[in-house]
Structures are given as C-alpha cells and as structure tokens.
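Dropping model.csv in here (CSV, C-alpha atoms):
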chain,number,residue,atom,x,y,z
A,246,MET,CA,74.1,100.8,104.9
A,247,PRO,CA,75.3,103.8,102.9
A,248,LYS,CA,74.2,106.1,105.7
A,249,ALA,CA,76.2,104.2,108.2
A,250,HIS,CA,79.2,104.5,105.9
A,251,ASP,CA,78.8,108.2,105.7
A,252,ILE,CA,78.7,108.7,109.4
A,253,LEU,CA,81.7,106.5,110.0
A,254,PHE,CA,83.7,108.2,107.3
A,255,ARG,CA,82.8,111.6,108.6
A,256,THR,CA,83.6,110.7,112.1
A,257,LEU,CA,86.9,109.1,111.4
A,258,ALA,CA,88.0,111.7,108.8
A,259,ASP,CA,89.2,114.0,111.6
A,260,PRO,CA,92.8,113.0,112.6
A,261,THR,CA,92.5,114.0,116.2
A,262,ARG,CA,89.3,112.0,116.6
A,263,ARG,CA,90.8,109.1,114.8
A,264,ALA,CA,93.8,109.2,117.1
A,265,ILE,CA,91.6,109.1,120.2
A,266,PHE,CA,89.7,106.1,118.7
A,267,GLU,CA,92.9,104.3,117.8
A,268,ARG,CA,94.2,104.8,121.4
A,269,LEU,CA,91.0,103.3,122.8
A,270,CYS,CA,91.3,100.4,120.4
A,271,ARG,CA,95.0,99.8,121.4
A,272,ASP,CA,95.0,100.5,125.1
A,273,GLY,CA,91.4,99.7,126.2
A,274,GLU,CA,89.1,101.7,128.4
A,275,GLN,CA,90.3,105.2,129.3
A,276,THR,CA,89.1,108.3,131.2
A,277,VAL,CA,88.8,111.7,129.5
A,278,GLY,CA,91.7,112.9,131.6
A,279,ALA,CA,94.0,110.0,130.5
A,280,LEU,CA,93.1,110.6,126.9
A,281,THR,CA,93.7,114.4,127.2
A,282,ALA,CA,97.1,113.8,128.7
A,283,GLN,CA,98.1,112.0,125.4
A,284,ALA,CA,96.1,114.3,123.0
A,285,ARG,CA,97.5,117.6,121.7
A,286,VAL,CA,94.2,119.3,122.4
A,287,SER,CA,92.3,120.5,125.5
A,288,GLN,CA,90.0,118.4,127.6
A,289,PRO,CA,86.8,120.1,126.3
A,290,ALA,CA,88.0,119.3,122.8
A,291,VAL,CA,88.6,115.7,123.7
A,292,SER,CA,85.2,115.5,125.3
A,293,LYS,CA,83.6,116.9,122.2
A,294,HIS,CA,85.4,114.3,120.0
A,295,LEU,CA,84.3,111.6,122.3
A,296,GLY,CA,80.7,112.8,122.0
A,297,VAL,CA,80.9,112.6,118.2
A,298,LEU,CA,82.5,109.1,118.4
A,299,LYS,CA,79.7,108.0,120.8
A,300,GLN,CA,77.0,109.3,118.4
A,301,ALA,CA,78.6,107.2,115.6
A,302,GLY,CA,78.5,104.2,117.9
A,303,LEU,CA,82.3,103.9,117.9
A,304,VAL,CA,82.7,104.4,121.6
A,305,ARG,CA,80.7,103.6,124.7
A,306,ASP,CA,80.9,105.5,128.0
A,307,ARG,CA,80.6,104.1,131.5
A,308,HIS,CA,80.2,106.4,134.6
A,309,ALA,CA,82.0,105.4,137.7
A,310,GLY,CA,81.9,108.0,140.5
A,311,ARG,CA,82.9,111.4,139.0
A,312,GLN,CA,84.8,109.8,136.2
A,313,THR,CA,83.6,108.7,132.8
A,314,HIS,CA,85.4,105.8,131.2
A,315,TYR,CA,85.4,105.4,127.4
A,316,SER,CA,85.9,102.2,125.4
A,317,ALA,CA,86.1,101.5,121.7
A,318,GLN,CA,83.2,99.6,120.0
A,319,LEU,CA,84.9,97.7,117.2
A,320,GLY,CA,81.6,96.3,116.0
A,321,ALA,CA,80.6,99.7,114.8
A,322,LEU,CA,83.3,99.4,112.0
A,323,ALA,CA,81.4,96.4,110.5
A,324,PRO,CA,79.7,98.4,107.8
A,325,LEU,CA,83.2,99.5,106.6
A,326,LEU,CA,84.7,96.1,106.7
A,327,ASP,CA,81.7,94.7,104.8
A,328,TRP,CA,82.6,96.0,101.3
A,329,THR,CA,86.3,95.2,101.6
A,330,SER,CA,85.8,91.8,103.1
A,331,GLN,CA,83.2,90.9,100.5
A,332,MET,CA,85.5,92.0,97.7
A,333,ALA,CA,88.5,90.2,99.2
A,334,GLY,CA,86.5,87.0,99.4
A,335,PHE,CA,85.4,87.4,95.8
A,336,TRP,CA,89.0,87.9,94.6
A,337,ARG,CA,90.4,85.1,96.6
A,338,SER,CA,87.8,82.7,95.0
A,339,LYS,CA,88.6,84.1,91.6
A,340,PHE,CA,92.3,83.6,92.2
A,341,ASP,CA,91.6,80.0,93.1
A,342,ARG,CA,90.0,79.6,89.7
A,343,LEU,CA,93.0,81.4,88.1
A,344,GLU,CA,95.4,78.9,89.7
A,345,ASP,CA,93.4,76.0,88.3
A,346,LEU,CA,93.4,77.6,84.9
A,347,LEU,CA,97.1,78.2,85.0
A,348,LYS,CA,97.7,74.5,85.9
A,349,ARG,CA,95.7,73.5,82.8
A,350,MET,CA,97.2,76.0,80.4
A,351,ASP,CA,99.9,74.9,78.0
A,352,GLN,CA,103.3,76.2,78.7
B,189,MET,CA,93.5,109.9,92.4
B,190,ASN,CA,94.6,106.4,93.2
B,191,ASP,CA,96.1,107.6,96.5
B,192,ALA,CA,92.9,109.2,97.5
B,193,ALA,CA,90.9,106.2,96.5
B,194,ALA,CA,93.2,103.9,98.4
B,195,ALA,CA,92.8,106.1,101.4
B,196,THR,CA,89.0,105.5,101.3
B,197,LEU,CA,88.4,101.8,100.5
B,198,SER,CA,90.8,99.4,99.0
B,199,VAL,CA,91.1,95.7,98.8
B,200,VAL,CA,94.4,93.9,98.2
B,201,VAL,CA,94.6,90.2,97.4
B,202,GLU,CA,98.1,88.7,96.6
B,203,ARG,CA,99.3,85.3,95.5
B,204,GLU,CA,102.6,83.7,94.7
B,205,LEU,CA,102.2,81.6,91.5
B,206,PRO,CA,104.8,79.1,90.3
B,207,TYR,CA,104.6,80.4,86.7
B,208,PRO,CA,106.4,83.0,84.6
B,209,PRO,CA,104.6,86.4,84.3
B,210,ASP,CA,103.9,86.0,80.6
B,211,LYS,CA,101.7,83.0,81.3
B,212,ILE,CA,99.8,84.8,84.0
B,213,TRP,CA,99.5,87.8,81.7
B,214,ARG,CA,97.8,85.7,79.1
B,215,ALA,CA,95.2,84.5,81.6
B,216,LEU,CA,94.6,88.2,82.6
B,217,THR,CA,94.3,89.5,79.0
B,218,GLN,CA,92.9,86.9,76.7
B,219,PRO,CA,89.1,87.0,76.7
B,220,HIS,CA,88.5,83.2,76.5
B,221,LEU,CA,90.9,82.7,79.4
B,222,ILE,CA,89.5,85.6,81.4
B,223,GLU,CA,86.1,84.0,81.1
B,224,GLU,CA,87.5,80.8,82.6
B,225,TRP,CA,88.5,82.3,85.9
B,226,LEU,CA,86.8,85.7,86.1
B,227,MET,CA,83.7,86.5,84.0
B,228,GLN,CA,82.3,86.6,80.5
B,229,ASN,CA,83.8,89.6,78.8
B,230,ASP,CA,84.8,91.5,75.6
B,231,PHE,CA,88.1,92.6,76.9
B,232,ALA,CA,91.0,93.8,74.7
B,233,PRO,CA,94.4,94.8,76.1
B,234,VAL,CA,94.2,98.3,74.6
B,235,VAL,CA,94.2,101.5,76.7
B,236,GLY,CA,90.8,103.2,76.4
B,237,HIS,CA,89.0,100.0,75.3
B,238,ARG,CA,85.6,99.8,77.0
B,239,PHE,CA,84.2,96.4,77.9
B,240,ASN,CA,81.8,94.6,80.1
B,241,LEU,CA,82.2,91.9,82.6
B,242,ARG,CA,79.1,89.8,83.0
B,243,GLY,CA,78.7,87.9,86.2
B,244,ASP,CA,76.9,84.7,86.8
B,245,TRP,CA,74.4,86.6,89.0
B,246,GLY,CA,73.3,88.6,86.0
B,247,GLY,CA,75.2,91.8,86.9
B,248,VAL,CA,77.1,93.7,84.3
B,249,LEU,CA,80.2,95.7,85.1
B,250,ASP,CA,81.2,98.7,83.0
B,251,CYS,CA,85.0,98.7,82.5
B,252,GLU,CA,87.6,100.7,80.7
B,253,VAL,CA,91.2,99.8,80.2
B,254,LEU,CA,93.5,102.3,81.9
B,255,VAL,CA,97.0,100.7,81.9
B,256,VAL,CA,98.6,97.9,79.8
B,257,GLU,CA,102.2,97.1,80.5
B,258,PRO,CA,102.7,93.6,79.2
B,259,ASP,CA,103.8,91.1,81.9
B,260,LYS,CA,103.8,93.9,84.5
B,261,THR,CA,100.7,96.0,85.1
B,262,LEU,CA,97.1,95.8,84.0
B,263,SER,CA,94.5,98.2,85.3
B,264,TYR,CA,90.9,98.9,84.4
B,265,THR,CA,87.8,100.6,85.9
B,266,TRP,CA,85.3,98.4,87.5
B,267,ASN,CA,82.0,100.2,87.7
B,268,PHE,CA,78.6,99.0,88.7
B,269,LYS,CA,75.6,101.1,87.8
B,270,HIS,CA,72.6,100.7,89.9
B,271,ALA,CA,69.2,102.4,89.8
B,272,ASP,CA,69.6,103.1,93.5
B,273,ALA,CA,72.6,105.5,93.8
B,274,ALA,CA,73.5,104.0,97.1
B,275,TYR,CA,74.6,100.7,95.4
B,276,ASN,CA,76.6,102.4,92.6
B,277,LEU,CA,80.2,101.3,92.7
B,278,GLU,CA,83.0,103.1,91.0
B,279,SER,CA,86.4,101.4,91.4
B,280,VAL,CA,89.7,100.7,89.7
B,281,VAL,CA,91.2,97.2,89.6
B,282,THR,CA,95.0,97.0,89.2
B,283,PHE,CA,96.9,93.8,88.7
B,284,ARG,CA,100.7,93.9,89.2
B,285,LEU,CA,103.0,91.1,88.4
B,286,ASN,CA,106.4,90.8,90.0
B,287,ALA,CA,108.7,88.1,88.7
B,288,THR,CA,111.2,86.4,90.9
B,289,ARG,CA,113.5,83.7,89.5
B,290,THR,CA,111.0,80.9,89.6
B,291,ARG,CA,107.7,82.5,90.5
B,292,THR,CA,105.5,85.4,90.0
B,293,HIS,CA,104.0,87.5,92.7
B,294,LEU,CA,100.5,88.6,91.6
B,295,ARG,CA,98.9,91.5,93.4
B,296,MET,CA,95.4,92.7,92.8
B,297,GLU,CA,94.3,96.0,94.3
B,298,GLN,CA,90.7,97.3,94.0
B,299,ALA,CA,90.3,100.8,95.1
B,300,GLY,CA,86.8,102.2,95.2
B,301,PHE,CA,84.7,105.0,96.3
B,302,ARG,CA,81.1,106.0,96.2
B,303,PRO,CA,79.6,109.0,94.4
B,304,GLU,CA,79.6,111.4,97.4
B,305,GLN,CA,83.2,110.5,98.1
B,306,LYS,CA,84.0,111.2,94.5
B,307,GLN,CA,82.6,114.6,94.9
B,308,ALA,CA,84.8,115.2,97.9
B,309,LEU,CA,87.7,114.0,95.8
B,310,ALA,CA,86.8,116.3,93.0
B,311,GLY,CA,86.6,119.1,95.5
B,312,ALA,CA,90.0,118.4,96.9
B,313,LYS,CA,91.5,118.3,93.4
B,314,ALA,CA,89.8,121.6,92.5
B,315,GLY,CA,91.3,123.0,95.6
B,316,TRP,CA,94.8,122.0,94.6
B,317,ARG,CA,94.2,123.4,91.1
B,318,GLN,CA,93.2,126.8,92.6
B,319,PHE,CA,96.2,126.7,94.8
B,320,PHE,CA,98.6,126.0,91.9
B,321,ALA,CA,96.9,128.7,89.8
B,322,LYS,CA,97.4,131.2,92.5
B,323,LEU,CA,101.0,130.1,93.0
B,324,GLU,CA,101.5,130.6,89.3
B,325,GLN,CA,100.1,134.1,89.5
B,326,VAL,CA,102.3,134.9,92.4
B,327,ALA,CA,105.3,133.5,90.6
B,328,ALA,CA,104.5,135.5,87.5
B,329,ARG,CA,104.5,138.7,89.5
B,330,THR,CA,107.8,138.2,91.1
Show me this structure written as structure tokens.
Amino acid sequence: MPKAHDILFRTLADPTRRAIFERLCRDGEQTVGALTAQARVSQPAVSKHLGVLKQAGLVRDRHAGRQTHYSAQLGALAPLLDWTSQMAGFWRSKFDRLEDLLKRMDQ
Amino acid sequence: MNDAAAATLSVVVERELPYPPDKIWRALTQPHLIEEWLMQNDFAPVVGHRFNLRGDWGGVLDCEVLVVEPDKTLSYTWNFKHADAAYNLESVVTFRLNATRTRTHLRMEQAGFRPEQKQALAGAKAGWRQFFAKLEQVAART
C-alpha cells in the first residue's frame, strides 16, 4: 500500500503529467496527437509523460492502426482515496455521536 | 506547513448543528464529553498540552494541542506510531466553528502526511530558508 502511494504521488506530482491525466479523465480517450495539441510541451515529452502514467497504472493504451489511444484508469487512484475515505467515514460516524451527545447535553 | 499538508492528503467533514458554538465547544474540549463521542482521553484545552486518545480497538494516538480559540478554533496533532514505519501516521486535526444566527457550522479538517512526505516538506522549507537567507545577503549588500 505505501509503495503504491509513493508511485502515485511521484507520478502526479508533475503538473504537466497531472494535466494530461486530468484531460483524459475529463474528455475520455485521446491520441498522443490530440493531447499534444492541448499541452504546452512537445509530442515526445507528452509520450514520455504517458509512459510514466502507464507504468503507474493511471492510463491504458490501445493501438488502432498507426495511432495509439490513451485512456485514464481511475481505479488506480484507489490507494489514495483509501486513507481519506476511511478517515471521512470515521469522522462522520463520530459526528453522529457528537450530535447525539449535544441533544442530551443540558443547555 | 498546513498548506503543504493539505496539498497531500486531507479530509474535511462538515456539519450544520442547531446549537450555539459554546455548547459544541464544550463537547470538543471537556474530557468526559470528548469520551462520549470520540475517545477516552486526557485532553486539556491548553496549547502545548500533550494527551492521548485511546480507541476502542486498542490503538493509542499521541496528540498535542496546537490552537485553542474558545468557541472558534481547536487544533491538535493526531499521530499514530507503529512499529512498521509504513503505518505511521502524522496528521493535524482542526475543528472550526462558525456561528450563524441560529446554528453553528462545524468543520473538521484532518491533514496528514507520511514520513517520506514530511522529509520532502522539510526539504522544501529548507529551500525557502536558504532562499530568504540569500535574499537577505543580497539586500544587505545593496
């Protein structure tokens, strides 16, 4: 689990890479060319970022003819959501108890 | 530090409560009341006070009071030591109370980071210190 965290944090720490990932999340599957048109970096740079994202499991590629299409793999973010969703659940249940207590407390 | 921590991992849970802030403040700061909704504790509303929260599961959290602004803000560290460093948790919990005419908006934010991230954070801070030190040197020369 911690190792997965490290890889995800490292991968998404780069703003250009994060922007590419966000674009894929927002707009769905894209080719390298389409992504480059939007990015402020060269196509080889975009390809390199996609390679890192792919290694982290954050994107998947699909070859069709001479084009490679990339899509976001949101499931890869699960290790990150884990800690926060666990703690959010913990606090919500504690707040339920707090509300009960407030109801019982004397004014 | 809080900004950097929030940028890494942070949990926010909010609730509108039909009570005045001072009543909620008591529930957040009186040990016998804290125990009723949160955990067993030896809390005291004094900045710098170190205390433990003891969970039903047997876990013990190490805490230190950071901010006490009655009826407004309460903040303490929420650290969990574990033999396996991977499970260590260092975080800060902050409760904010915002009174409206008839209700109080309670906001809890827990911002946390793991040891390696803390190192990164310390590195970033050291970088800024160096930057300011250099700036001072430059300013002194001009």
*What does the distance from atom CA of Glu278 of chain B to atom CA of Trp266 of chain B come to in Å, to one decimal?*
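So the two atoms, atom CA of Glu278 of chain B and atom CA of Trp266 of chain B, lie 6.3 Å apart.
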*Tell me which protein, DNA and RNA residues are within 10 Å of segment 204-218 of chain B, counting all atoms listed in the file, leaving out same-chain ones fewer than 2 positions away, and put them as a ChimeraX atom specification.*
/A:343-344,346-348,350-352 /B:202,220-226,229-234,256-262,283-295
*asked:* One decimal, in Å: what's the spacing between atom CA of Gln228 of chain B and atom CA of Leu249 of chain B?
replied: 10.4 Å
*Between A:Leu303, A:Val291, A:Cys270, A:Met332, which has the minimum distance to chain B (counting only C-alpha atoms)?*
A:Met332
*To one decimal place, how far is atom CA of Ile252 of chain A from atom CA of Gln300 of chain A in Å?*
9.2 Å
